[in-house]
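Visitor: File query_12.cif below, mmCIF, C-alpha atoms:
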```cif
data_coords
#
loop_
_atom_site.group_PDB
_atom_site.id
_atom_site.type_symbol
_atom_site.label_atom_id
_atom_site.label_comp_id
_atom_site.auth_asym_id
_atom_site.auth_seq_id
_atom_site.Cartn_x
_atom_site.Cartn_y
_atom_site.Cartn_z
ATOM 1 C CA TRP I 1 -126.548 238.194 60.915
ATOM 2 C CA ALA I 2 -128.237 235.510 63.009
ATOM 3 C CA ALA I 3 -128.093 237.665 66.153
ATOM 4 C CA SER I 4 -129.405 240.657 64.156
ATOM 5 C CA SER I 5 -132.327 238.461 63.054
ATOM 6 C CA GLY I 6 -133.327 237.927 66.690
ATOM 7 C CA MET I 7 -131.705 234.544 67.355
ATOM 8 C CA PHE I 8 -129.862 233.950 70.610
ATOM 9 C CA ALA I 9 -126.857 231.662 70.815
ATOM 10 C CA SER I 10 -126.318 229.662 73.964
ATOM 11 C CA LYS I 11 -122.953 230.103 75.649
ATOM 12 C CA GLY I 12 -120.622 227.254 74.878
ATOM 13 C CA TRP I 13 -117.061 226.262 74.161
ATOM 14 C CA GLY I 14 -115.436 226.543 70.786
ATOM 15 C CA GLY I 15 -115.487 229.058 68.037
ATOM 16 C CA SER I 16 -113.652 232.350 67.623
ATOM 17 C CA ASN I 17 -114.376 235.847 66.370
ATOM 18 C CA ASP I 18 -113.380 234.685 62.884
ATOM 19 C CA LYS I 19 -115.475 231.497 62.941
ATOM 20 C CA PRO I 20 -118.001 231.719 65.772
ATOM 21 C CA ALA I 21 -119.633 228.542 67.058
ATOM 22 C CA PHE I 22 -123.255 228.157 66.016
ATOM 23 C CA ASN I 23 -125.024 227.121 69.226
ATOM 24 C CA TYR I 24 -128.546 228.320 68.495
ATOM 25 C CA GLY I 25 -130.327 225.075 69.364
ATOM 26 C CA MET I 26 -131.637 224.741 65.812
ATOM 27 C CA PRO I 27 -130.367 221.787 63.732
ATOM 28 C CA GLY I 28 -130.133 223.826 60.501
ATOM 29 C CA MET I 29 -127.988 226.485 62.200
ATOM 30 C CA ASP I 30 -125.862 224.237 64.380
ATOM 31 C CA ASP I 31 -124.711 221.881 61.591
ATOM 32 C CA ASN I 32 -123.823 224.852 59.287
ATOM 33 C CA SER I 33 -126.268 223.732 56.543
ATOM 34 C CA ILE I 34 -127.855 227.227 56.361
ATOM 35 C CA ARG I 35 -124.400 228.732 56.051
ATOM 36 C CA ARG I 36 -123.556 226.436 53.123
ATOM 37 C CA ILE I 37 -126.848 227.354 51.390
ATOM 38 C CA ILE I 38 -126.161 231.087 51.845
ATOM 39 C CA ASN I 39 -122.625 230.667 50.483
ATOM 40 C CA SER I 40 -123.930 228.865 47.371
ATOM 41 C CA VAL I 41 -126.809 231.308 46.765
ATOM 42 C CA ALA I 42 -124.749 234.475 47.436
ATOM 43 C CA GLY I 43 -122.988 234.265 44.078
ATOM 44 C CA LEU I 44 -126.325 234.196 42.241
ATOM 45 C CA MET I 45 -127.880 237.304 43.792
ATOM 46 C CA PRO I 46 -126.299 240.671 42.980
ATOM 47 C CA ARG I 47 -125.936 242.387 46.321
ATOM 48 C CA ASN I 48 -123.177 243.900 48.431
ATOM 49 C CA TYR I 49 -121.397 241.187 50.441
ATOM 50 C CA VAL I 50 -118.672 241.410 53.049
ATOM 51 C CA VAL I 51 -116.768 238.148 53.503
ATOM 52 C CA MET I 52 -115.398 238.294 57.070
ATOM 53 C CA GLU I 53 -113.167 235.244 56.925
ATOM 54 C CA VAL I 54 -109.842 236.528 58.235
ATOM 55 C CA ARG I 55 -107.805 233.364 57.858
ATOM 56 C CA GLN I 56 -109.314 232.417 54.484
ATOM 57 C CA ASN I 57 -108.854 235.947 53.133
ATOM 58 C CA LEU I 58 -105.167 235.857 54.075
ATOM 59 C CA CYS I 59 -104.482 232.492 52.395
ATOM 60 C CA GLU I 60 -104.223 232.819 48.596
ATOM 61 C CA ALA I 61 -105.797 229.440 47.768
ATOM 62 C CA ASP I 62 -108.799 230.048 50.040
ATOM 63 C CA ARG I 63 -109.173 233.606 48.728
ATOM 64 C CA ARG I 64 -109.316 232.324 45.099
ATOM 65 C CA GLU I 65 -111.948 229.765 46.113
ATOM 66 C CA ILE I 66 -114.136 232.482 47.649
ATOM 67 C CA LEU I 67 -113.681 234.798 44.625
ATOM 68 C CA LYS I 68 -114.840 232.011 42.254
ATOM 69 C CA ARG I 69 -118.300 232.239 43.860
ATOM 70 C CA PHE I 70 -118.498 235.910 42.904
ATOM 71 C CA SER I 71 -117.261 235.601 39.277
ATOM 72 C CA ALA I 72 -120.315 237.301 37.736
ATOM 73 C CA PRO I 73 -119.600 240.716 36.103
ATOM 74 C CA CYS I 74 -122.046 242.490 38.470
ATOM 75 C CA PHE I 75 -119.701 241.923 41.418
ATOM 76 C CA LYS I 76 -116.890 244.340 42.126
ATOM 77 C CA LYS I 77 -114.157 242.751 44.246
ATOM 78 C CA VAL I 78 -112.537 245.071 46.791
ATOM 79 C CA ALA I 79 -110.055 244.059 49.504
ATOM 80 C CA HIS I 80 -109.455 246.275 52.538
ATOM 81 C CA VAL I 81 -106.467 245.469 54.741
ATOM 82 C CA VAL I 82 -106.190 247.289 58.034
ATOM 83 C CA MET I 83 -102.631 247.388 59.319
ATOM 84 C CA GLY I 84 -100.398 249.639 61.329
ATOM 85 C CA GLU I 85 -100.693 251.546 64.581
ATOM 86 C CA PRO I 86 -104.290 252.018 65.788
ATOM 87 C CA LYS I 87 -105.631 255.487 66.596
ATOM 88 C CA ALA I 88 -105.043 256.973 70.045
ATOM 89 C CA ASP I 89 -108.709 256.933 71.076
ATOM 90 C CA TYR I 90 -109.030 253.235 70.101
ATOM 91 C CA LYS I 91 -105.872 252.396 72.031
ATOM 92 C CA LYS I 92 -107.197 254.340 75.033
ATOM 93 C CA VAL I 93 -110.492 252.427 74.998
ATOM 94 C CA GLN I 94 -108.692 249.088 74.701
ATOM 95 C CA HIS I 95 -106.241 249.977 77.488
ATOM 96 C CA GLU I 96 -109.128 250.997 79.766
ATOM 97 C CA LYS I 97 -110.902 247.722 78.992
ATOM 98 C CA ILE I 98 -107.748 245.690 79.743
ATOM 99 C CA LEU I 99 -107.139 247.708 82.917
ATOM 100 C CA LYS I 100 -110.725 247.079 84.090
ATOM 101 C CA GLU I 101 -110.325 243.329 83.513
ATOM 102 C CA LYS I 102 -106.987 243.280 85.351
ATOM 103 C CA GLN I 103 -108.453 245.315 88.216
ATOM 104 C CA ALA I 104 -111.450 242.967 88.452
ATOM 105 C CA LYS I 105 -109.116 239.940 88.570
ATOM 106 C CA SER I 106 -106.894 241.647 91.135
ATOM 107 C CA ASP I 107 -109.908 242.582 93.287
ATOM 108 C CA ALA I 108 -111.271 239.040 93.100
ATOM 109 C CA ALA I 109 -107.877 237.594 94.068
ATOM 110 C CA TRP I 110 -107.571 240.064 96.949
ATOM 111 C CA ARG I 111 -111.083 239.232 98.212
ATOM 112 C CA ALA I 112 -110.342 235.499 97.955
ATOM 113 C CA ALA I 113 -107.063 235.944 99.864
ATOM 114 C CA LYS I 114 -108.828 238.066 102.497
ATOM 115 C CA ALA I 115 -111.617 235.484 102.876
ATOM 116 C CA ASP I 116 -109.029 232.684 103.105
ATOM 117 C CA LYS I 117 -107.059 234.611 105.733
ATOM 118 C CA LYS I 118 -110.245 235.274 107.741
ATOM 119 C CA ARG I 119 -111.252 231.619 107.479
ATOM 120 C CA LYS I 120 -107.822 230.491 108.705
ATOM 121 C CA LYS I 121 -107.958 233.011 111.563
ATOM 122 C CA ASP I 122 -111.450 231.811 112.562
ATOM 123 C CA THR I 123 -110.281 228.194 112.398
ATOM 124 C CA GLU I 124 -107.271 228.963 114.601
ATOM 125 C CA LYS I 125 -109.484 230.887 117.042
ATOM 126 C CA LYS I 126 -111.957 228.000 117.262
ATOM 127 C CA ALA I 127 -109.101 225.518 117.723
ATOM 128 C CA LYS I 128 -107.656 227.700 120.506
ATOM 129 C CA GLN I 129 -111.062 227.982 122.220
ATOM 130 C CA PHE I 130 -111.556 224.233 121.896
ATOM 131 C CA ALA I 131 -108.088 223.581 123.394
ATOM 132 C CA GLU I 132 -108.817 225.939 126.298
ATOM 133 C CA LEU I 133 -112.196 224.321 126.916
ATOM 134 C CA ARG I 134 -110.632 220.869 126.745
ATOM 135 C CA LYS I 135 -107.882 221.906 129.181
ATOM 136 C CA LYS I 136 -110.482 223.391 131.551
ATOM 137 C CA MET I 137 -112.572 220.215 131.388
ATOM 138 C CA GLU I 138 -109.507 218.061 132.074
ATOM 139 C CA GLU I 139 -108.589 220.261 135.060
ATOM 140 C CA GLU I 140 -112.152 219.987 136.416
ATOM 141 C CA LYS I 141 -112.103 216.224 135.851
ATOM 142 C CA GLN I 142 -108.752 215.940 137.627
ATOM 143 C CA LYS I 143 -110.009 218.144 140.499
ATOM 144 C CA LYS I 144 -113.155 216.006 140.857
ATOM 145 C CA ALA I 145 -111.027 212.835 140.791
ATOM 146 C CA GLU I 146 -108.776 214.276 143.525
ATOM 147 C CA GLU I 147 -111.805 215.290 145.606
ATOM 148 C CA ALA I 148 -113.347 211.829 145.160
ATOM 149 C CA LYS I 149 -110.017 210.217 146.139
ATOM 150 C CA LYS I 150 -109.751 212.483 149.175
ATOM 151 C CA LYS I 151 -113.343 211.679 150.205
ATOM 152 C CA ALA I 152 -112.679 207.975 149.698
ATOM 153 C CA GLU I 153 -109.525 208.232 151.871
ATOM 154 C CA GLU I 154 -111.450 210.166 154.532
ATOM 155 C CA ALA I 155 -114.284 207.619 154.433
ATOM 156 C CA ALA I 156 -111.762 204.759 154.669
ATOM 157 C CA ALA I 157 -109.982 206.484 157.576
ATOM 158 C CA LYS I 158 -113.317 207.137 159.317
ATOM 159 C CA LYS I 159 -114.370 203.530 158.753
ATOM 160 C CA ALA I 160 -111.039 202.304 160.080
ATOM 161 C CA ALA I 161 -111.386 204.594 163.125
ATOM 162 C CA GLU I 162 -114.919 203.312 163.776
ATOM 163 C CA ALA I 163 -113.737 199.718 163.395
ATOM 164 C CA GLU I 164 -110.867 200.446 165.814
ATOM 165 C CA LYS I 165 -113.312 202.085 168.224
ATOM 166 C CA LYS I 166 -115.702 199.133 168.007
ATOM 167 C CA LYS I 167 -112.796 196.753 168.517
ATOM 168 C CA ALA I 168 -111.617 198.730 171.545
ATOM 169 C CA GLU I 169 -115.186 198.798 172.939
ATOM 170 C CA ALA I 170 -115.532 195.074 172.320
ATOM 171 C CA GLU I 171 -112.223 194.415 174.139
ATOM 172 C CA LYS I 172 -113.242 196.739 176.955
ATOM 173 C CA LYS I 173 -116.595 194.996 177.175
ATOM 174 C CA LYS I 174 -114.888 191.617 177.136
ATOM 175 C CA ASP I 175 -112.447 192.774 179.815
ATOM 176 C CA GLY I 176 -115.402 194.114 181.826
ATOM 177 C CA GLU I 177 -117.243 190.826 181.454
ATOM 178 C CA ASP I 178 -114.092 188.879 182.354
ATOM 179 C CA LYS I 179 -113.591 191.122 185.393
ATOM 180 C CA LYS I 180 -117.232 190.784 186.361
ATOM 181 C CA GLU I 181 -117.026 187.047 185.873
ATOM 182 C CA GLY I 182 -113.865 186.989 187.939
ATOM 183 C CA GLU I 183 -115.585 188.998 190.711
ATOM 184 C CA GLU I 184 -118.625 186.744 190.598
ATOM 185 C CA LYS I 185 -116.334 183.748 190.847
ATOM 186 C CA LYS I 186 -114.564 185.288 193.820
ATOM 187 C CA GLU I 187 -117.861 186.073 195.499
ATOM 188 C CA GLN I 188 -119.072 182.588 194.859
ATOM 189 C CA GLU I 189 -115.875 181.129 196.258
ATOM 190 C CA LYS I 190 -116.164 183.437 199.197
ATOM 191 C CA LYS I 191 -119.741 182.308 199.788
ATOM 192 C CA GLU I 192 -118.744 178.716 199.455
ATOM 193 C CA GLY I 193 -115.893 179.347 201.839
ATOM 194 C CA GLU I 194 -118.289 180.902 204.359
ATOM 195 C CA GLU I 195 -120.729 178.083 204.057
ATOM 196 C CA LYS I 196 -118.093 175.558 204.841
#
```
Can you give me the file's structure in the form of structure tokens?
Guide:
Amino acid sequence: WAASSGMFASKGWGGSNDKPAFNYGMPGMDDNSIRRIINSVAGLMPRNYVVMEVRQNLCEADRREILKRFSAPCFKKVAHVVMGEPKADYKKVQHEKILKEKQAKSDAAWRAAKADKKRKKDTEKKAKQFAELRKKMEEEKQKKAEEAKKKAEEAAAKKAAEAEKKKAEAEKKKDGEDKKEGEEKKEQEKKEGEEK
């Protein structure tokens, strides 16, 4: 009746089809005070009422309590109990509804599994690319290190060869100077010998 009057309930936990939760954001509705007033006034006004309290209508003590409110002679008390196998068209509608819900759940699970599989595949692909890039960088680093080592060895060998060459030149020069000195000495001795 509240929804028919233009009130909108906010979605929330609790309640059932038998006793729905009153989440209208209005204190009088949410604390059930309006409901209590309607229940007390209903027995005083002769109208047609339908009491949709499934659990209370099934329990004898609760049913007697509800009937006490409508004890005036203007009220005619009628109980309708719906039992047995539902009609084929109702069953068909309900089965279609259940099938749609199951299909929606199945589709959502399939999409989630597909997305998870794709994510894992992308992660593995990225990891593989990263490993290949890392391996390539390590190979380049190792190659550069080998080239640097080779250049250092070549530079050391060249330096050693130059040092050897300089040493040989220095010895040759020294030998040449010693030889020249020796020749000068001989010439001097020869001159001295001639002068005597």
Visitor: For atom CA of Met29 of chain I and atom CA of Ala42 of chain I, determine how far apart the two atoms are, in Å to one decimal place.
Guide: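 Result for atom CA of Met29 of chain I versus atom CA of Ala42 of chain I: 17.1 Å, one decimal.
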Visitor: Separation of atom CA of Gln94 of chain I and atom CA of Met52 of chain I, in Å?
Guide: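 Atom-to-atom, atom CA of Gln94 of chain I to atom CA of Met52 of chain I, that is 21.7 Å.
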Visitor: Could you give me, as a PyMOL selection string, the residues within 8 Å of segment 74-83 of chain I, counting all atoms listed in the file and dropping anything in the same chain fewer than 6 positions from it?
Guide: chain I and resi 46-47+67
Visitor: When you draw a straight line from atom CA of Glu53 of chain I to atom CA of Val41 of chain I, how long is it in Å?
Guide: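 Rounded to one decimal, the two atoms are 17.5 Å apart.
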Visitor: Go ahead and fit an axis-aligned box to every listed atom of segment 65-84 of chain I plus 4 Å each side, and pass me the centre and edge lengths in Å, one decimal, as JSON.
Guide:
```
{"center_x": -111.2, "center_y": 239.7, "center_z": 48.7, "size_x": 29.6, "size_y": 27.9, "size_z": 33.2}
```
Visitor: Using the chain letters and numbers from the file, give me the residues hit by the PyMOL selection byres ((chain I and resi 66) around 10), as a PyMOL selection string.
Guide: chain I and resi 39+43+51+53+56-57+60-65+67-71
